[in-house]
Amino acid sequence: MNVLEAIRTKRAVRQFTDEPIPRDVLEKILRAGLRAQSSKNTQPWHLIVVEDRQVLLQLSKLGDFLGYLAGASACVVLAAPDDSPWTYFDLGQCASYLQLSALELGVGSCLGAIYQPAEAKKLLGVPADMSLQALVSLGYPSADHQVARLGGRKPISEAVHWQRW
């Protein structure tokens, strides 16, 4: 799969099979995430891989829209020090690389927001000085997975300005 095709076909997956993701596949996904660019190459991220079903269930209750996480095979929680205005941009780059590599490997994914970071930090043993706002769920898409179609994307004529606004 080429990059443009991956970007064009990437969709959020929220319905998964029970099939576990092999460790070598997870490690390929993680290595891709760690290759993301970051401001001044600081690589501020710490990735917490969760495969335990009970912990996934508990995490699924820490975001208003994370219910689907309980059915995922795994998730990658993104943690970083909150010491730079670039931190969240860097984490977004890492999450994108995780998701695009998962797509190539046949693994579905969905970015999720953690609305109760203090509880998530306690659950995962994350130090207090770390920011914990997002995760990427991972799993093989179920046969009955429905692709959300909420209007597609804006055309280039509405979103792009050439030279000036």
# chains A, B, ... in the order shown; residues from 1 in each chain; ligands from 1

$ closest_atom_pairs --of "range 48-72 of chain A" --to "range 104-127 of chain A" --cutoff "7 Å" --atoms "only C-alpha atoms" --output "JSON lines"
{"residue": "A:Leu59", "atom": "CA", "partner": "A:Ala120", "partner_atom": "CA", "distance": 6.7}
{"residue": "A:Leu62", "atom": "CA", "partner": "A:Gln116", "partner_atom": "CA", "distance": 5.3}
{"residue": "A:Gly63", "atom": "CA", "partner": "A:Tyr115", "partner_atom": "CA", "distance": 4.6}
{"residue": "A:Asp64", "atom": "CA", "partner": "A:Tyr115", "partner_atom": "CA", "distance": 6.9}
{"residue": "A:Leu66", "atom": "CA", "partner": "A:Gly112", "partner_atom": "CA", "distance": 6.4}

$ write_last_selection --atoms "C-alpha atoms" --output "mmCIF file, in the first residue's frame"
data_model
loop_
_atom_site.group_PDB
_atom_site.id
_atom_site.type_symbol
_atom_site.label_atom_id
_atom_site.label_comp_id
_atom_site.auth_asym_id
_atom_site.auth_seq_id
_atom_site.Cartn_x
_atom_site.Cartn_y
_atom_site.Cartn_z
ATOM 1 C CA LEU A 59 -10.064 2.734 30.219
ATOM 2 C CA LEU A 62 -12.642 7.245 31.135
ATOM 3 C CA GLY A 63 -13.806 9.022 27.985
ATOM 4 C CA ASP A 64 -17.305 10.009 26.928
ATOM 5 C CA LEU A 66 -14.474 5.416 24.431
#

$ select_by_dssp --residues "chain A" --states "strand (DSSP E or B)" --output "PyMOL selection string"
chain A and resi 16+46-50+74-81+108-113+130-139+141

$ write_last_selection --atoms "N, CA and C atoms" --output "short mmCIF file (atom, residue, chain, number, x, y, z; two decimals), in the first residue's frame"
data_model
loop_
_atom_site.label_atom_id
_atom_site.label_comp_id
_atom_site.auth_asym_id
_atom_site.auth_seq_id
_atom_site.Cartn_x
_atom_site.Cartn_y
_atom_site.Cartn_z
N PHE A 16 -14.33 -4.61 16.54
CA PHE A 16 -13.19 -5.49 16.36
C PHE A 16 -13.57 -6.95 16.56
N HIS A 46 5.92 8.65 25.42
CA HIS A 46 6.05 7.35 26.08
C HIS A 46 4.79 6.61 25.69
N LEU A 47 4.93 5.40 25.19
CA LEU A 47 3.79 4.63 24.71
C LEU A 47 3.51 3.49 25.68
N ILE A 48 2.28 3.42 26.15
CA ILE A 48 1.87 2.36 27.07
C ILE A 48 0.94 1.44 26.30
N VAL A 49 1.37 0.21 26.08
CA VAL A 49 0.58 -0.77 25.35
C VAL A 49 -0.27 -1.54 26.35
N VAL A 50 -1.57 -1.54 26.13
CA VAL A 50 -2.50 -2.25 27.02
C VAL A 50 -3.19 -3.34 26.21
N ALA A 74 -6.12 -4.28 21.74
CA ALA A 74 -5.06 -3.55 22.44
C ALA A 74 -5.30 -2.05 22.26
N CYS A 75 -4.57 -1.28 23.01
CA CYS A 75 -4.52 0.16 22.76
C CYS A 75 -3.14 0.66 23.12
N VAL A 76 -2.81 1.79 22.54
CA VAL A 76 -1.55 2.46 22.85
C VAL A 76 -1.92 3.81 23.45
N VAL A 77 -1.58 3.98 24.71
CA VAL A 77 -1.84 5.24 25.41
C VAL A 77 -0.62 6.11 25.22
N LEU A 78 -0.86 7.37 24.82
CA LEU A 78 0.23 8.31 24.54
C LEU A 78 0.44 9.23 25.74
N ALA A 79 1.64 9.18 26.30
CA ALA A 79 1.99 10.04 27.43
C ALA A 79 3.21 10.88 27.06
N ALA A 80 3.28 12.08 27.62
CA ALA A 80 4.42 12.95 27.37
C ALA A 80 4.44 14.05 28.42
N PRO A 81 5.63 14.61 28.68
CA PRO A 81 5.67 15.78 29.56
C PRO A 81 4.96 16.94 28.88
N GLY A 108 -7.19 -2.49 12.39
CA GLY A 108 -8.00 -1.28 12.49
C GLY A 108 -7.59 -0.47 13.69
N SER A 109 -7.90 0.83 13.65
CA SER A 109 -7.53 1.70 14.76
C SER A 109 -8.51 2.86 14.87
N CYS A 110 -8.49 3.49 16.03
CA CYS A 110 -9.30 4.69 16.24
C CYS A 110 -8.63 5.52 17.33
N LEU A 111 -8.48 6.81 17.07
CA LEU A 111 -7.93 7.73 18.05
C LEU A 111 -9.02 8.04 19.07
N GLY A 112 -8.67 8.05 20.34
CA GLY A 112 -9.66 8.33 21.38
C GLY A 112 -9.14 9.32 22.40
N ALA A 113 -10.04 10.14 22.92
CA ALA A 113 -9.69 11.14 23.94
C ALA A 113 -9.98 10.59 25.34
N MET A 130 3.35 13.79 33.90
CA MET A 130 3.13 13.45 32.49
C MET A 130 1.71 13.81 32.08
N SER A 131 1.56 14.21 30.82
CA SER A 131 0.25 14.48 30.24
C SER A 131 -0.28 13.19 29.63
N LEU A 132 -1.55 12.94 29.83
CA LEU A 132 -2.17 11.72 29.32
C LEU A 132 -3.56 12.10 28.80
N GLN A 133 -3.67 12.31 27.50
CA GLN A 133 -4.91 12.81 26.93
C GLN A 133 -5.52 11.92 25.86
N ALA A 134 -4.72 11.04 25.25
CA ALA A 134 -5.22 10.31 24.09
C ALA A 134 -4.67 8.90 24.03
N LEU A 135 -5.37 8.08 23.24
CA LEU A 135 -4.93 6.71 23.00
C LEU A 135 -5.34 6.31 21.60
N VAL A 136 -4.74 5.24 21.11
CA VAL A 136 -5.09 4.66 19.82
C VAL A 136 -5.52 3.22 20.08
N SER A 137 -6.78 2.91 19.79
CA SER A 137 -7.25 1.53 19.93
C SER A 137 -6.80 0.75 18.71
N LEU A 138 -6.58 -0.57 18.91
CA LEU A 138 -6.12 -1.43 17.84
C LEU A 138 -6.85 -2.76 17.87
N GLY A 139 -7.16 -3.28 16.70
CA GLY A 139 -7.78 -4.60 16.61
C GLY A 139 -8.12 -4.91 15.16
N PRO A 141 -10.56 -5.48 12.28
CA PRO A 141 -11.95 -5.04 12.07
C PRO A 141 -12.91 -6.23 11.98
#

$ residues_around --residues "Asp52 in chain A" --least-positions-apart "3" --cutoff "9 Å" --atoms "only C-alpha atoms" --output "PyMOL selection string"
chain A and resi 55-57+73-74

$ closest_residue --among "A:Ser157, A:Ser96, A:Gln163, A:Ser60" --to "Arg11 in chain A" --atoms "only C-alpha atoms"
A:Ser96

$ select_by_dssp --residues "range 4-141 of chain A" --states "alpha helix (DSSP H)" --output "PyMOL selection string"
chain A and resi 4-9+23-34+53-60+87-104+117-124

$ write_last_selection --atoms "N, CA and C atoms" --output "compact mmCIF listing (two decimals), in the first residue's frame"
# COMPACT_ATOMS: atom_id res chain seq x y z
N LEU A 4 -0.25 7.59 -0.18
CA LEU A 4 -1.46 8.31 -0.60
C LEU A 4 -2.70 7.42 -0.53
N GLU A 5 -2.55 6.17 -0.90
CA GLU A 5 -3.67 5.23 -0.81
C GLU A 5 -4.06 5.00 0.65
N ALA A 6 -3.08 4.87 1.52
CA ALA A 6 -3.36 4.68 2.94
C ALA A 6 -4.11 5.89 3.52
N ILE A 7 -3.67 7.08 3.18
CA ILE A 7 -4.33 8.29 3.67
C ILE A 7 -5.76 8.37 3.14
N ARG A 8 -5.95 8.02 1.88
CA ARG A 8 -7.28 8.09 1.27
C ARG A 8 -8.25 7.06 1.85
N THR A 9 -7.76 5.89 2.21
CA THR A 9 -8.64 4.81 2.64
C THR A 9 -8.73 4.64 4.16
N ARG A 23 2.47 -10.24 18.76
CA ARG A 23 3.47 -9.32 19.31
C ARG A 23 4.32 -8.69 18.22
N ASP A 24 4.72 -9.48 17.20
CA ASP A 24 5.57 -8.91 16.15
C ASP A 24 4.83 -7.85 15.34
N VAL A 25 3.52 -8.00 15.17
CA VAL A 25 2.73 -7.00 14.46
C VAL A 25 2.63 -5.73 15.33
N LEU A 26 2.35 -5.91 16.62
CA LEU A 26 2.30 -4.75 17.52
C LEU A 26 3.63 -4.00 17.52
N GLU A 27 4.72 -4.73 17.54
CA GLU A 27 6.03 -4.08 17.56
C GLU A 27 6.31 -3.32 16.26
N LYS A 28 5.86 -3.83 15.13
CA LYS A 28 6.01 -3.09 13.87
C LYS A 28 5.24 -1.77 13.93
N ILE A 29 4.03 -1.82 14.47
CA ILE A 29 3.20 -0.62 14.62
C ILE A 29 3.89 0.38 15.55
N LEU A 30 4.38 -0.11 16.67
CA LEU A 30 5.06 0.75 17.65
C LEU A 30 6.33 1.37 17.07
N ARG A 31 7.11 0.58 16.34
CA ARG A 31 8.33 1.12 15.73
C ARG A 31 8.00 2.24 14.74
N ALA A 32 6.90 2.07 14.01
CA ALA A 32 6.49 3.12 13.07
C ALA A 32 6.12 4.40 13.84
N GLY A 33 5.38 4.27 14.94
CA GLY A 33 5.03 5.43 15.75
C GLY A 33 6.24 6.15 16.28
N LEU A 34 7.24 5.38 16.66
CA LEU A 34 8.47 5.97 17.20
C LEU A 34 9.32 6.66 16.14
N ARG A 53 -7.74 -7.28 29.02
CA ARG A 53 -9.16 -7.00 28.76
C ARG A 53 -9.79 -6.16 29.88
N GLN A 54 -9.46 -6.44 31.14
CA GLN A 54 -10.04 -5.68 32.25
C GLN A 54 -9.56 -4.23 32.25
N VAL A 55 -8.30 -4.02 31.91
CA VAL A 55 -7.78 -2.65 31.87
C VAL A 55 -8.39 -1.90 30.68
N LEU A 56 -8.55 -2.58 29.54
CA LEU A 56 -9.21 -1.94 28.40
C LEU A 56 -10.63 -1.53 28.77
N LEU A 57 -11.33 -2.38 29.51
CA LEU A 57 -12.69 -2.07 29.95
C LEU A 57 -12.69 -0.85 30.86
N GLN A 58 -11.75 -0.80 31.81
CA GLN A 58 -11.67 0.34 32.72
C GLN A 58 -11.34 1.63 31.96
N LEU A 59 -10.41 1.56 31.02
CA LEU A 59 -10.06 2.73 30.22
C LEU A 59 -11.26 3.20 29.39
N SER A 60 -12.07 2.26 28.91
CA SER A 60 -13.21 2.61 28.06
C SER A 60 -14.23 3.48 28.80
N THR A 87 4.22 19.70 22.13
CA THR A 87 4.01 18.33 22.62
C THR A 87 2.81 17.66 21.96
N TYR A 88 1.68 18.33 21.92
CA TYR A 88 0.47 17.68 21.38
C TYR A 88 0.57 17.49 19.87
N PHE A 89 1.22 18.39 19.19
CA PHE A 89 1.46 18.21 17.76
C PHE A 89 2.34 16.97 17.55
N ASP A 90 3.39 16.84 18.35
CA ASP A 90 4.28 15.68 18.26
C ASP A 90 3.53 14.39 18.54
N LEU A 91 2.68 14.39 19.55
CA LEU A 91 1.89 13.19 19.86
C LEU A 91 0.93 12.86 18.72
N GLY A 92 0.38 13.88 18.08
CA GLY A 92 -0.49 13.65 16.94
C GLY A 92 0.26 13.00 15.79
N GLN A 93 1.50 13.42 15.57
CA GLN A 93 2.32 12.80 14.54
C GLN A 93 2.54 11.32 14.86
N CYS A 94 2.87 11.04 16.10
CA CYS A 94 3.10 9.67 16.53
C CYS A 94 1.83 8.83 16.34
N ALA A 95 0.69 9.37 16.76
CA ALA A 95 -0.58 8.65 16.60
C ALA A 95 -0.89 8.37 15.13
N SER A 96 -0.62 9.34 14.27
CA SER A 96 -0.86 9.14 12.84
C SER A 96 0.01 8.02 12.28
N TYR A 97 1.27 8.00 12.66
CA TYR A 97 2.16 6.94 12.18
C TYR A 97 1.70 5.58 12.70
N LEU A 98 1.26 5.53 13.97
CA LEU A 98 0.73 4.28 14.51
C LEU A 98 -0.45 3.80 13.68
N GLN A 99 -1.37 4.71 13.38
CA GLN A 99 -2.59 4.33 12.67
C GLN A 99 -2.32 3.94 11.22
N LEU A 100 -1.46 4.66 10.54
CA LEU A 100 -1.18 4.33 9.14
C LEU A 100 -0.43 3.00 9.02
N SER A 101 0.47 2.73 9.94
CA SER A 101 1.17 1.44 9.88
C SER A 101 0.22 0.31 10.24
N ALA A 102 -0.69 0.54 11.17
CA ALA A 102 -1.68 -0.49 11.51
C ALA A 102 -2.53 -0.82 10.28
N LEU A 103 -2.94 0.20 9.55
CA LEU A 103 -3.74 -0.01 8.34
C LEU A 103 -3.01 -0.91 7.35
N GLU A 104 -1.75 -0.64 7.12
CA GLU A 104 -0.98 -1.46 6.19
C GLU A 104 -0.91 -2.91 6.64
N PRO A 117 -7.99 12.09 32.76
CA PRO A 117 -6.57 11.71 32.75
C PRO A 117 -6.03 11.31 34.12
N ALA A 118 -6.50 11.93 35.19
CA ALA A 118 -5.99 11.57 36.53
C ALA A 118 -6.30 10.11 36.85
N GLU A 119 -7.51 9.67 36.51
CA GLU A 119 -7.90 8.28 36.76
C GLU A 119 -7.10 7.33 35.87
N ALA A 120 -6.87 7.73 34.62
CA ALA A 120 -6.09 6.90 33.70
C ALA A 120 -4.64 6.78 34.18
N LYS A 121 -4.08 7.89 34.67
CA LYS A 121 -2.71 7.85 35.19
C LYS A 121 -2.61 6.88 36.36
N LYS A 122 -3.58 6.94 37.25
CA LYS A 122 -3.58 6.05 38.41
C LYS A 122 -3.68 4.60 37.96
N LEU A 123 -4.58 4.31 37.04
CA LEU A 123 -4.79 2.95 36.54
C LEU A 123 -3.53 2.38 35.90
N LEU A 124 -2.79 3.24 35.17
CA LEU A 124 -1.63 2.77 34.41
C LEU A 124 -0.29 3.06 35.08

$ atom_distance --atom1 "CA of Ala72 in chain A" --atom2 "CA of Thr17 in chain A"
7.8 Å
